[in-house]
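Undergrad: Structure in structure tokens, see below.
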Protein chains: 2
Amino acid sequence: MTKEQIDINPTCPLPFSDNERILLGHGSGGQLSHQLLTELIYPYFDNPMLATGHDSALLSIGEQRLAFTTDSFVVSPLFFPGGDIGKLAVYGTVNDLAMSGAKALYLSCSLILEEGFPMNTLSKVLASMSQAAKETGIQLVTGDTKVVEKGKGDGVYINTAGIGVVPHDVYIAPQHIQQGDVIILSGDIGRHGMAVMAMREGLEFDNPLNSDCAALSDPIHTLLNEGIAIHCLRDLTRGGLATALVELAETAEKTFIVEETAIPVSEAVTGACEMLGLDPCYVANEGRFIAFIPAAQAETALTLLRDHSVSATSCIIGRVDEDNKSQVIYKTTTGSERLMQRLPGEQLPRIC
Amino acid sequence: MTKEQIDINPTCPLPFSDNERILLGHGSGGQLSHQLLTELIYPYFDNPMLATGHDSALLSIGEQRLAFTTDSFVVSPLFFPGGDIGKLAVYGTVNDLAMSGAKALYLSCSLILEEGFPMNTLSKVLASMSQAAKETGIQLVTGDTKVVEKGKGDGVYINTAGIGVVPHDVYIAPQHIQQGDVIILSGDIGRHGMAVMAMREGLEFDNPLNSDCAALSDPIHTLLNEGIAIHCLRDLTRGGLATALVELAETAEKTFIVEETAIPVSEAVTGACEMLGLDPCYVANEGRFIAFIPAAQAETALTLLRDHSVSATSCIIGRVDEDNKSQVIYKTTTGSERLMQRLPGEQLPRIC
């Protein structure tokens, strides 16, 4: 369906066959999510801000530059090692704002509660949100509560939207990635996804698996305050490191070269991934990001990042190459090269 | 639990017994919703903006005055006479912004989709949202999509959050209601709730029942542009006219006197309400508001409002009295007087 057809008649013949349905994979953050966005959602809401492919929209209102973002959280179980849905809902939105270089100011919170949900569990979730909001300095200023019948929800789903202020000299976006930039990863990958999966499946490992769920605003603001010219940032949520890299390479129309040997993965995550046949590059994180930084500032940036516990093991995992082929070349430990792809299907539903 | 206790330890002993659970009535917009907010949610997120009891938060960022609001929409069925969940999700947020006198600028949209939801139905909902956004001049700039397993949702739930700009000379809030204000109602009440209920219950009436689902921004901006000193506005969603009046009387610490004979109710809604034993004053609307206006400007305001189709049958239903008893005195058609109360339980779940 073209945009023109929609303009003429929004109830015009629909573009799908009757048996095309939403799959769990449409929520994966990978290839199916990408298709849903580009083939169905974007055509209806075509505007330049939505099309930037950024974690948050950049708005100009009067003299102010603002970032605006939203996420719904449907993670199961609600409490997992290292976090819970309340923390995720605050950190997730604070992190999306930080990925634009914005200082998070105001938060909305909307709850979809299932009939029969224990009040004490709700109270625990709210306490966790409250603590995360205080920690990150964001104020919850508006909200909404809906209740659905038993069997039409799953305890609680939380939506948050956030507003932040972007300094006038900060321009962080996929379009600003430049040849020669280094790609910094803020720490080891795969903890969040594997912690949730292990809990859901009742798996036990020698090394406990804890989610990396954390606020990323402090290290980002340190980089900005110290004059690091960040070209782009992306937090590595659904779809993991690989999907984030592929999306950015496509949006920026650049080639990235990434070294598998440089990517830190904990022993616990490696073991769990091997057992379950998963690639940690596609496992969700909730406290990790990649940064595209001019090579000349890489060492300073690493030093600054390593000073924050949340990014203490930051390292360089690759660079932006000279050709502009919108692709990610992945150099594996065995010396071979292949092109990275988006997460193809659904690895683990309801990870966040 | 006091705020101090939460500050010390957010996992301190919880204030509920184990068998206290979320009920459908907690989503009614009435008494149970009020309790949930005041006893559980507000204590965790105590701040002046949240405590205003307004439809949207008023924020100052630099020189800008902004309004920020959010709502989740879980209406069942998704399509009903006069509207659908997509229209509701856009109008609902645009209307909440309008109730602060804000011009709606930017919208976020987050979808929680149930596995197996037909793509064509999703397409219809998005087409409806797109049309409503164009009609109201709001731009969808950021979004999110999650998918939950079959049986953990109900087709689609939609969250929207919105940002609008509030002019520097506009101060609309419950606290600005003054003695001598007239209370204007923008049209007949109860259409939305009864249209949804009739469809859900398979009821048929001689007169078709259509939802009043509509954007309210145009008449509000006309009033402001023409210099009407609006003291307060409230759209009459969950809990209906009665709950809105009681909440405002309590927040403003004023007494309202409201005349039953002045409240327009269509024959269709009257008939349906009689059949089902409901009071139209508690039935949800999605295209009606009340305005508190200085008596001297009442006639001008009515003339301006009646020029818009959405508020063509606006009328005065009451006034703000001299004592300040935080109550609503309801003069019935039989000549008796009683105090209006919030909607006590749940009249109709998932009305919006």
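Starting from 1 in every chain, residues are counted up; chains themselves are A, B, ... following the order of the structure tokens, and ligands are numbered from 1 as listed.
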Near B:Ile228, within 9 Å and counting only C-alpha atoms, which residues show up once chain neighbours fewer than 5 positions away are dropped, as a list in words?
TA: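 Once the nearby chain positions are removed, what remains is Thr222, Leu223, Ile293, Pro294, Gln297, Ala298, Thr300 and Ala301 of chain B.
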Undergrad: Would you output that residue set with N, CA and C atoms, as a PDB file, in the first residue's frame?
TA:
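Below is the file result.pdb, written as the result:
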ATOM      1  N   THR B 222     -10.439  27.765  20.058  1.00  0.00           N
ATOM      2  CA  THR B 222     -11.295  28.916  19.721  1.00  0.00           C
ATOM      3  C   THR B 222     -11.566  29.764  20.966  1.00  0.00           C
ATOM      4  N   LEU B 223     -11.934  29.105  22.050  1.00  0.00           N
ATOM      5  CA  LEU B 223     -12.189  29.848  23.297  1.00  0.00           C
ATOM      6  C   LEU B 223     -10.956  30.662  23.706  1.00  0.00           C
ATOM      7  N   ILE B 293     -15.829  28.706  33.608  1.00  0.00           N
ATOM      8  CA  ILE B 293     -15.663  29.988  32.916  1.00  0.00           C
ATOM      9  C   ILE B 293     -16.292  31.090  33.767  1.00  0.00           C
ATOM     10  N   PRO B 294     -15.691  32.272  33.810  1.00  0.00           N
ATOM     11  CA  PRO B 294     -16.322  33.372  34.544  1.00  0.00           C
ATOM     12  C   PRO B 294     -17.730  33.632  33.997  1.00  0.00           C
ATOM     13  N   GLN B 297     -18.495  35.812  30.981  1.00  0.00           N
ATOM     14  CA  GLN B 297     -18.103  35.373  29.627  1.00  0.00           C
ATOM     15  C   GLN B 297     -18.898  34.151  29.161  1.00  0.00           C
ATOM     16  N   ALA B 298     -19.853  33.733  29.947  1.00  0.00           N
ATOM     17  CA  ALA B 298     -20.539  32.467  29.661  1.00  0.00           C
ATOM     18  C   ALA B 298     -21.263  32.491  28.314  1.00  0.00           C
ATOM     19  N   THR B 300     -20.802  34.408  25.649  1.00  0.00           N
ATOM     20  CA  THR B 300     -19.841  34.432  24.536  1.00  0.00           C
ATOM     21  C   THR B 300     -19.232  33.044  24.340  1.00  0.00           C
ATOM     22  N   ALA B 301     -18.862  32.422  25.435  1.00  0.00           N
ATOM     23  CA  ALA B 301     -18.248  31.087  25.344  1.00  0.00           C
ATOM     24  C   ALA B 301     -19.216  30.104  24.696  1.00  0.00           C
TER      25      ALA B 301
END
Undergrad: Restrict the distance test to only C-alpha atoms, flag each residue of chain B within 6 Å of chain A, and return the flagged residues as number ranges by chain.
TA: B: 10, 16, 20-24, 27, 44, 49-50, 57, 69-71, 115-120, 127, 130, 141-144, 146-147, 152-154
Undergrad: Which residues, written as a PyMOL selection string, have at least one atom at most 7 Å from B:Ile230, with only C-alpha atoms counted and residues fewer than 3 positions away on the same chain left out?
TA: chain B and resi 172+291-293
Undergrad: As a list in words, please: every residue in stretch 71-103 of chain B that DSSP puts in strand (DSSP E or B).
TA: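 Here are the strand (DSSP E or B) residues of stretch 71-103 of chain B: Asp71, Ser72, Phe73, Phe79, Phe80, Gly83, Asp84 and Lys103 of chain B.
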Undergrad: With N, CA, C and O atoms retained, export the selected residues as a short mmCIF file (atom, residue, chain, number, x, y, z; two decimals), in the first residue's frame.
TA:
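Result written to again.cif:
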data_model
loop_
_atom_site.label_atom_id
_atom_site.label_comp_id
_atom_site.auth_asym_id
_atom_site.auth_seq_id
_atom_site.Cartn_x
_atom_site.Cartn_y
_atom_site.Cartn_z
N ASP B 71 -1.66 7.82 28.07
CA ASP B 71 -2.79 6.92 28.31
C ASP B 71 -2.54 5.62 27.58
O ASP B 71 -1.99 5.61 26.47
N SER B 72 -2.96 4.51 28.20
CA SER B 72 -2.99 3.23 27.49
C SER B 72 -4.44 2.94 27.15
O SER B 72 -5.35 3.28 27.91
N PHE B 73 -4.64 2.31 26.01
CA PHE B 73 -5.99 2.02 25.53
C PHE B 73 -6.15 0.51 25.38
O PHE B 73 -5.36 -0.13 24.70
N PHE B 79 -13.23 -2.23 17.48
CA PHE B 79 -14.03 -1.38 16.61
C PHE B 79 -15.45 -1.31 17.16
O PHE B 79 -16.03 -2.35 17.51
N PHE B 80 -15.99 -0.12 17.27
CA PHE B 80 -17.33 0.06 17.83
C PHE B 80 -18.01 1.18 17.05
O PHE B 80 -17.33 1.93 16.33
N GLY B 83 -16.27 4.73 16.25
CA GLY B 83 -14.83 4.84 16.50
C GLY B 83 -14.14 3.50 16.60
O GLY B 83 -14.73 2.46 16.30
N ASP B 84 -12.90 3.54 17.00
CA ASP B 84 -12.09 2.34 17.17
C ASP B 84 -10.92 2.70 18.07
O ASP B 84 -10.70 3.87 18.38
N LYS B 103 -1.43 23.19 22.75
CA LYS B 103 -1.51 22.79 21.36
C LYS B 103 -0.71 21.50 21.22
O LYS B 103 0.49 21.46 21.50
#
Undergrad: Which neighbours of A:Pro174 fall inside 7 Å, counting only C-alpha atoms, when residues of the same chain fewer than 2 positions from it are skipped, and could you give them as a VMD selection string?
TA: chain A and resid 176 to 177 232 248 251 to 252
Undergrad: Deliver the residues from the most recent selection as a file, using all heavy atoms, as a PDB file, in the first residue's frame.
TA:
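Saved to again.pdb:
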ATOM      1  N   HIS A 176      25.612  10.522  11.633  1.00  0.00           N
ATOM      2  CA  HIS A 176      26.881  11.207  11.905  1.00  0.00           C
ATOM      3  C   HIS A 176      28.069  10.262  12.043  1.00  0.00           C
ATOM      4  O   HIS A 176      29.188  10.706  12.318  1.00  0.00           O
ATOM      5  CB  HIS A 176      26.746  12.074  13.164  1.00  0.00           C
ATOM      6  CG  HIS A 176      25.705  13.135  13.005  1.00  0.00           C
ATOM      7  ND1 HIS A 176      24.924  13.572  14.036  1.00  0.00           N
ATOM      8  CD2 HIS A 176      25.281  13.814  11.916  1.00  0.00           C
ATOM      9  CE1 HIS A 176      24.071  14.484  13.593  1.00  0.00           C
ATOM     10  NE2 HIS A 176      24.263  14.642  12.310  1.00  0.00           N
ATOM     11  N   ILE A 177      27.838   8.979  11.869  1.00  0.00           N
ATOM     12  CA  ILE A 177      28.944   8.019  11.904  1.00  0.00           C
ATOM     13  C   ILE A 177      29.893   8.308  10.735  1.00  0.00           C
ATOM     14  O   ILE A 177      29.441   8.551   9.612  1.00  0.00           O
ATOM     15  CB  ILE A 177      28.401   6.572  11.827  1.00  0.00           C
ATOM     16  CG1 ILE A 177      27.611   6.248  13.106  1.00  0.00           C
ATOM     17  CG2 ILE A 177      29.530   5.558  11.604  1.00  0.00           C
ATOM     18  CD1 ILE A 177      26.888   4.908  13.062  1.00  0.00           C
ATOM     19  N   CYS A 232      27.796   8.574  17.370  1.00  0.00           N
ATOM     20  CA  CYS A 232      26.559   7.808  17.496  1.00  0.00           C
ATOM     21  C   CYS A 232      26.634   6.890  18.719  1.00  0.00           C
ATOM     22  O   CYS A 232      27.728   6.456  19.105  1.00  0.00           O
ATOM     23  CB  CYS A 232      26.295   6.977  16.241  1.00  0.00           C
ATOM     24  SG  CYS A 232      24.682   6.165  16.239  1.00  0.00           S
ATOM     25  N   LEU A 248      22.618   0.131  12.351  1.00  0.00           N
ATOM     26  CA  LEU A 248      23.378   1.382  12.230  1.00  0.00           C
ATOM     27  C   LEU A 248      24.148   1.441  10.920  1.00  0.00           C
ATOM     28  O   LEU A 248      24.211   2.499  10.284  1.00  0.00           O
ATOM     29  CB  LEU A 248      24.321   1.544  13.428  1.00  0.00           C
ATOM     30  CG  LEU A 248      23.616   1.823  14.754  1.00  0.00           C
ATOM     31  CD1 LEU A 248      24.621   1.897  15.891  1.00  0.00           C
ATOM     32  CD2 LEU A 248      22.810   3.125  14.692  1.00  0.00           C
ATOM     33  N   THR A 251      21.570   2.376   8.302  1.00  0.00           N
ATOM     34  CA  THR A 251      21.096   3.760   8.393  1.00  0.00           C
ATOM     35  C   THR A 251      22.215   4.736   8.018  1.00  0.00           C
ATOM     36  O   THR A 251      21.984   5.719   7.318  1.00  0.00           O
ATOM     37  CB  THR A 251      20.590   4.071   9.821  1.00  0.00           C
ATOM     38  OG1 THR A 251      19.682   3.046  10.209  1.00  0.00           O
ATOM     39  CG2 THR A 251      19.880   5.414   9.878  1.00  0.00           C
ATOM     40  N   ALA A 252      23.417   4.447   8.483  1.00  0.00           N
ATOM     41  CA  ALA A 252      24.553   5.346   8.220  1.00  0.00           C
ATOM     42  C   ALA A 252      25.143   5.149   6.829  1.00  0.00           C
ATOM     43  O   ALA A 252      25.932   5.966   6.362  1.00  0.00           O
ATOM     44  CB  ALA A 252      25.636   5.108   9.272  1.00  0.00           C
TER      45      ALA A 252
END
Undergrad: Counting only C-alpha atoms, which residue out of A:Phe256, A:Phe289, A:Phe205, A:Tyr282 sits closest to A:Arg234?
TA: A:Phe289
Undergrad: Just want the 7 Å neighbourhood of A:Ala214, counted on only C-alpha atoms, with same-chain residues fewer than 2 positions away dropped. Output as an MDAnalysis selection string.
TA: chainID A and resid 91 212 216 286:287
Undergrad: Write the residues of the selection above to a file with N, CA and C atoms, as a PDB file, in the first residue's frame.
TA:
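Output file selection15.pdb is given in full below:
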ATOM      1  N   TYR A  91      15.013   2.486  33.514  1.00  0.00           N
ATOM      2  CA  TYR A  91      16.330   2.516  32.859  1.00  0.00           C
ATOM      3  C   TYR A  91      16.184   2.503  31.334  1.00  0.00           C
ATOM      4  N   ASP A 212      22.416  -7.429  33.252  1.00  0.00           N
ATOM      5  CA  ASP A 212      23.240  -6.218  33.287  1.00  0.00           C
ATOM      6  C   ASP A 212      22.399  -4.949  33.422  1.00  0.00           C
ATOM      7  N   LEU A 216      22.563   3.989  31.884  1.00  0.00           N
ATOM      8  CA  LEU A 216      23.770   4.271  31.102  1.00  0.00           C
ATOM      9  C   LEU A 216      24.049   5.763  30.991  1.00  0.00           C
ATOM     10  N   GLU A 286      20.604  -5.070  28.758  1.00  0.00           N
ATOM     11  CA  GLU A 286      19.858  -3.904  29.248  1.00  0.00           C
ATOM     12  C   GLU A 286      20.765  -2.908  29.967  1.00  0.00           C
ATOM     13  N   GLY A 287      22.077  -3.069  29.765  1.00  0.00           N
ATOM     14  CA  GLY A 287      23.007  -2.130  30.394  1.00  0.00           C
ATOM     15  C   GLY A 287      24.290  -2.023  29.584  1.00  0.00           C
TER      16      GLY A 287
END
